[in-house]
$ cat upload.tsv   # TSV, C-alpha atoms
chain	number	residue	atom	x	y	z
A	1	MET	CA	4.48	-38.16	-35.09
A	2	ASN	CA	4.01	-40.78	-32.40
A	3	GLN	CA	6.62	-39.03	-30.23
A	4	LEU	CA	4.86	-35.68	-30.68
A	5	ARG	CA	1.59	-37.29	-29.62
A	6	ARG	CA	3.22	-38.73	-26.48
A	7	LEU	CA	4.69	-35.35	-25.56
A	8	SER	CA	1.32	-33.71	-26.07
A	9	MET	CA	-0.38	-36.29	-23.85
A	10	LEU	CA	2.32	-35.87	-21.18
A	11	PHE	CA	1.88	-32.10	-21.29
A	12	LEU	CA	-1.91	-32.38	-20.97
A	13	THR	CA	-1.54	-34.87	-18.11
A	14	LEU	CA	0.77	-32.47	-16.27
A	15	ILE	CA	-1.62	-29.56	-16.74
A	16	ILE	CA	-4.54	-31.59	-15.46
A	17	THR	CA	-2.74	-33.11	-12.46
A	18	ILE	CA	-0.72	-30.12	-11.22
A	19	PRO	CA	-2.75	-28.29	-8.59
A	20	ALA	CA	-3.79	-24.80	-9.57
A	21	VAL	CA	-1.99	-21.94	-7.91
A	22	SER	CA	-4.65	-20.06	-6.03
A	23	GLN	CA	-4.93	-16.32	-6.38
A	24	PRO	CA	-5.47	-14.36	-3.18
A	25	ASP	CA	-9.12	-13.64	-2.56
A	26	ALA	CA	-9.65	-9.92	-3.15
A	27	ALA	CA	-12.23	-9.90	-0.36
A	28	THR	CA	-9.84	-10.95	2.43
A	29	PRO	CA	-8.92	-8.33	5.01
A	30	GLU	CA	-5.29	-8.59	3.94
A	31	ALA	CA	-6.10	-7.97	0.27
A	32	GLN	CA	-8.40	-5.08	1.17
A	33	ALA	CA	-5.70	-3.50	3.33
A	34	LEU	CA	-3.04	-3.83	0.63
A	35	ALA	CA	-5.43	-2.36	-1.96
A	36	THR	CA	-6.00	0.58	0.39
A	37	LEU	CA	-2.24	1.16	0.54
A	38	ASP	CA	-2.12	1.04	-3.26
A	39	ARG	CA	-4.83	3.73	-3.49
A	40	PHE	CA	-3.02	5.77	-0.83
A	41	MET	CA	0.26	5.74	-2.79
A	42	ALA	CA	-1.41	6.45	-6.14
A	43	ALA	CA	-3.26	9.50	-4.75
A	44	PHE	CA	-0.10	10.69	-3.00
A	45	ASN	CA	1.91	10.48	-6.22
A	46	ARG	CA	-0.82	12.39	-8.09
A	47	GLN	CA	-0.60	14.99	-5.31
A	48	ASP	CA	-4.38	14.67	-5.02
A	49	LEU	CA	-5.11	15.64	-1.41
A	50	LYS	CA	-8.83	14.89	-1.68
A	51	SER	CA	-8.34	11.34	-2.99
A	52	TRP	CA	-5.45	10.83	-0.60
A	53	SER	CA	-7.66	11.85	2.34
A	54	GLU	CA	-10.31	9.37	1.17
A	55	THR	CA	-7.92	6.47	1.82
A	56	LEU	CA	-7.89	7.30	5.54
A	57	HIS	CA	-10.22	6.84	8.51
A	58	TYR	CA	-10.70	9.65	11.00
A	59	PRO	CA	-9.46	10.50	13.44
A	60	HIS	CA	-6.26	9.67	11.60
A	61	VAL	CA	-3.01	9.50	13.57
A	62	ARG	CA	0.47	9.95	12.12
A	63	PHE	CA	3.72	9.50	14.03
A	64	ALA	CA	6.66	11.03	12.13
A	65	SER	CA	9.50	13.52	12.51
A	66	SER	CA	9.31	13.29	16.32
A	67	GLN	CA	5.70	14.50	16.22
A	68	VAL	CA	2.26	13.02	16.62
A	69	ASN	CA	-0.36	14.55	14.34
A	70	ILE	CA	-4.05	13.81	14.70
A	71	TYR	CA	-6.38	14.74	11.86
A	72	ASP	CA	-10.00	14.67	13.00
A	73	THR	CA	-11.57	15.19	9.56
A	74	PRO	CA	-10.71	14.92	5.87
A	75	THR	CA	-10.77	18.73	5.70
A	76	ALA	CA	-8.16	18.99	8.47
A	77	PHE	CA	-5.99	16.51	6.59
A	78	GLN	CA	-6.36	18.39	3.29
A	79	ASN	CA	-5.75	21.88	4.72
A	80	ARG	CA	-1.98	21.70	4.89
A	81	SER	CA	1.04	22.04	2.67
A	82	VAL	CA	2.71	18.71	1.97
A	83	PHE	CA	4.26	18.56	-1.44
A	84	SER	CA	6.38	21.72	-1.65
A	85	ALA	CA	8.74	20.52	1.11
A	86	LEU	CA	9.06	17.11	-0.56
A	87	GLN	CA	9.72	18.64	-3.96
A	88	ALA	CA	12.45	20.83	-2.42
A	89	THR	CA	14.33	17.59	-1.64
A	90	GLY	CA	14.12	16.48	-5.27
A	91	TRP	CA	11.10	14.23	-4.70
A	92	ASP	CA	9.01	13.30	-7.73
A	93	HIS	CA	7.21	10.14	-6.58
A	94	SER	CA	7.25	7.33	-4.03
A	95	LEU	CA	6.74	3.58	-4.22
A	96	TRP	CA	6.38	0.60	-1.93
A	97	THR	CA	9.46	-1.63	-1.84
A	98	GLN	CA	8.20	-4.01	0.83
A	99	ARG	CA	4.89	-4.71	2.56
A	100	THR	CA	4.60	-7.44	5.16
A	101	ILE	CA	1.41	-8.15	7.07
A	102	THR	CA	2.35	-8.62	10.72
A	103	LEU	CA	-1.08	-8.81	12.35
A	104	SER	CA	-4.53	-9.38	10.91
A	105	SER	CA	-8.15	-9.79	11.96
A	106	ASP	CA	-11.47	-9.41	10.16
A	107	THR	CA	-11.44	-5.64	10.74
A	108	LYS	CA	-7.82	-4.62	11.25
A	109	VAL	CA	-4.50	-5.27	9.50
A	110	HIS	CA	-1.02	-4.10	10.56
A	111	ILE	CA	1.44	-3.76	7.68
A	112	ASP	CA	5.17	-3.31	8.10
A	113	THR	CA	6.24	-1.33	5.04
A	114	GLU	CA	9.25	0.13	3.37
A	115	PHE	CA	8.93	2.83	0.74
A	116	GLU	CA	11.29	4.83	-1.40
A	117	ARG	CA	11.19	8.44	-2.42
A	118	ARG	CA	12.51	8.93	-5.93
A	119	ASN	CA	13.44	11.85	-8.13
A	120	ALA	CA	12.17	12.46	-11.67
A	121	GLU	CA	14.95	10.25	-13.08
A	122	GLY	CA	13.76	7.35	-10.92
A	123	GLN	CA	16.78	7.48	-8.62
A	124	THR	CA	16.22	6.68	-4.95
A	125	ILE	CA	16.63	9.73	-2.72
A	126	GLY	CA	15.40	8.06	0.48
A	127	ARG	CA	14.19	4.72	1.83
A	128	TYR	CA	12.05	4.51	4.97
A	129	ARG	CA	10.31	1.93	7.14
A	130	SER	CA	6.76	2.51	8.33
A	131	LEU	CA	3.91	0.77	10.10
A	132	TYR	CA	0.39	1.20	8.73
A	133	ILE	CA	-2.74	0.20	10.62
A	134	VAL	CA	-5.63	-0.32	8.22
A	135	THR	CA	-9.15	-0.81	9.57
A	136	GLU	CA	-12.58	-1.64	8.21
A	137	GLN	CA	-15.38	0.66	9.32
A	138	ASN	CA	-18.91	0.48	7.96
A	139	GLY	CA	-17.80	-1.69	5.05
A	140	ARG	CA	-14.91	0.57	3.99
A	141	TRP	CA	-11.20	-0.03	4.50
A	142	GLY	CA	-9.03	2.96	5.41
A	143	ILE	CA	-5.73	3.77	7.07
A	144	GLN	CA	-6.38	4.60	10.72
A	145	ALA	CA	-2.81	5.25	11.81
A	146	ARG	CA	0.73	5.22	10.50
A	147	SER	CA	4.14	5.57	12.03
A	148	SER	CA	7.03	6.44	9.78
A	149	LEU	CA	10.77	6.78	10.18
A	150	ALA	CA	10.74	9.29	7.32
A	151	PRO	CA	11.54	12.91	8.10

$ encode --input "upload.tsv" --output "structure tokens"
Amino acid sequence: MNQLRRLSMLFLTLIITIPAVSQPDAATPEAQALATLDRFMAAFNRQDLKSWSETLHYPHVRFASSQVNIYDTPTAFQNRSVFSALQATGWDHSLWTQRTITLSSDTKVHIDTEFERRNAEGQTIGRYRSLYIVTEQNGRWGIQARSSLAP
């Protein structure tokens, strides 16, 4: 019994003296930017163009497939066909595999990302690097620009 009491006291001492691991503050620019990317990917996977467009700031600029596209409004972003071409490749959903913040200020965060496109069985059908620039405007975080190596 005495040994059990000593172990208990040692355990309590360790818990009290070990510094707490701090959780990232959800209000930091970095956390806000990453949360914006999470909303972006969730809306994309739901194929919800309206919600997807709400994760962006306008004008929104996208560099991909040797083209530069500028969407001036949410309506311009929503009025296009996106998912049929992806589905023709076997795409079912996408996910982030890496996100590294490379530059950050109070109102802008650059995130070097990698994402995968997967089929319905969860098999990877493509992996691509991208750069996302997420900005805060009028108290709201949104993706201002992105450059992708995806086709």

$ residues_around --input "upload.tsv" --residues "Phe63 of chain A" --least-positions-apart "5" --cutoff "8 Å" --atoms "all atoms listed in the file" --output "JSON, numbers by chain"
{"A": [68, 69, 146, 147, 148]}

$ residues_around --input "upload.tsv" --residues "Leu103 of chain A" --least-positions-apart "6" --cutoff "10 Å" --atoms "all atoms listed in the file" --output "list in words"
Glu30, Val109, His110, Ile111, Asp112 and Ile133 of chain A

$ write_last_selection --input "upload.tsv" --atoms "C-alpha atoms" --output "compact mmCIF listing (two decimals), keeping the file's coordinate frame"
# COMPACT_ATOMS: atom_id res chain seq x y z
CA GLU A 30 -5.29 -8.59 3.94
CA VAL A 109 -4.50 -5.27 9.50
CA HIS A 110 -1.02 -4.10 10.56
CA ILE A 111 1.44 -3.76 7.68
CA ASP A 112 5.17 -3.31 8.10
CA ILE A 133 -2.74 0.20 10.62

$ closest_residue --input "upload.tsv" --among "A:Ala64, A:Ala120, A:Ala145, A:Ala33" --to "Ser94 of chain A" --atoms "only C-alpha atoms"
A:Ala120

$ closest_residue --input "upload.tsv" --among "A:Ala150, A:Arg127, A:Gln144, A:Met41" --to "Tyr71 of chain A" --atoms "all atoms listed in the file"
A:Gln144

$ atom_distance --input "upload.tsv" --atom1 "atom CA of Pro59 of chain A" --atom2 "atom CA of Ala88 of chain A"
29.0 Å

$ closest_residue --input "upload.tsv" --among "A:His93, A:His57, A:Lys50, A:Arg129" --to "Ile143 of chain A" --atoms "only C-alpha atoms"
A:His57
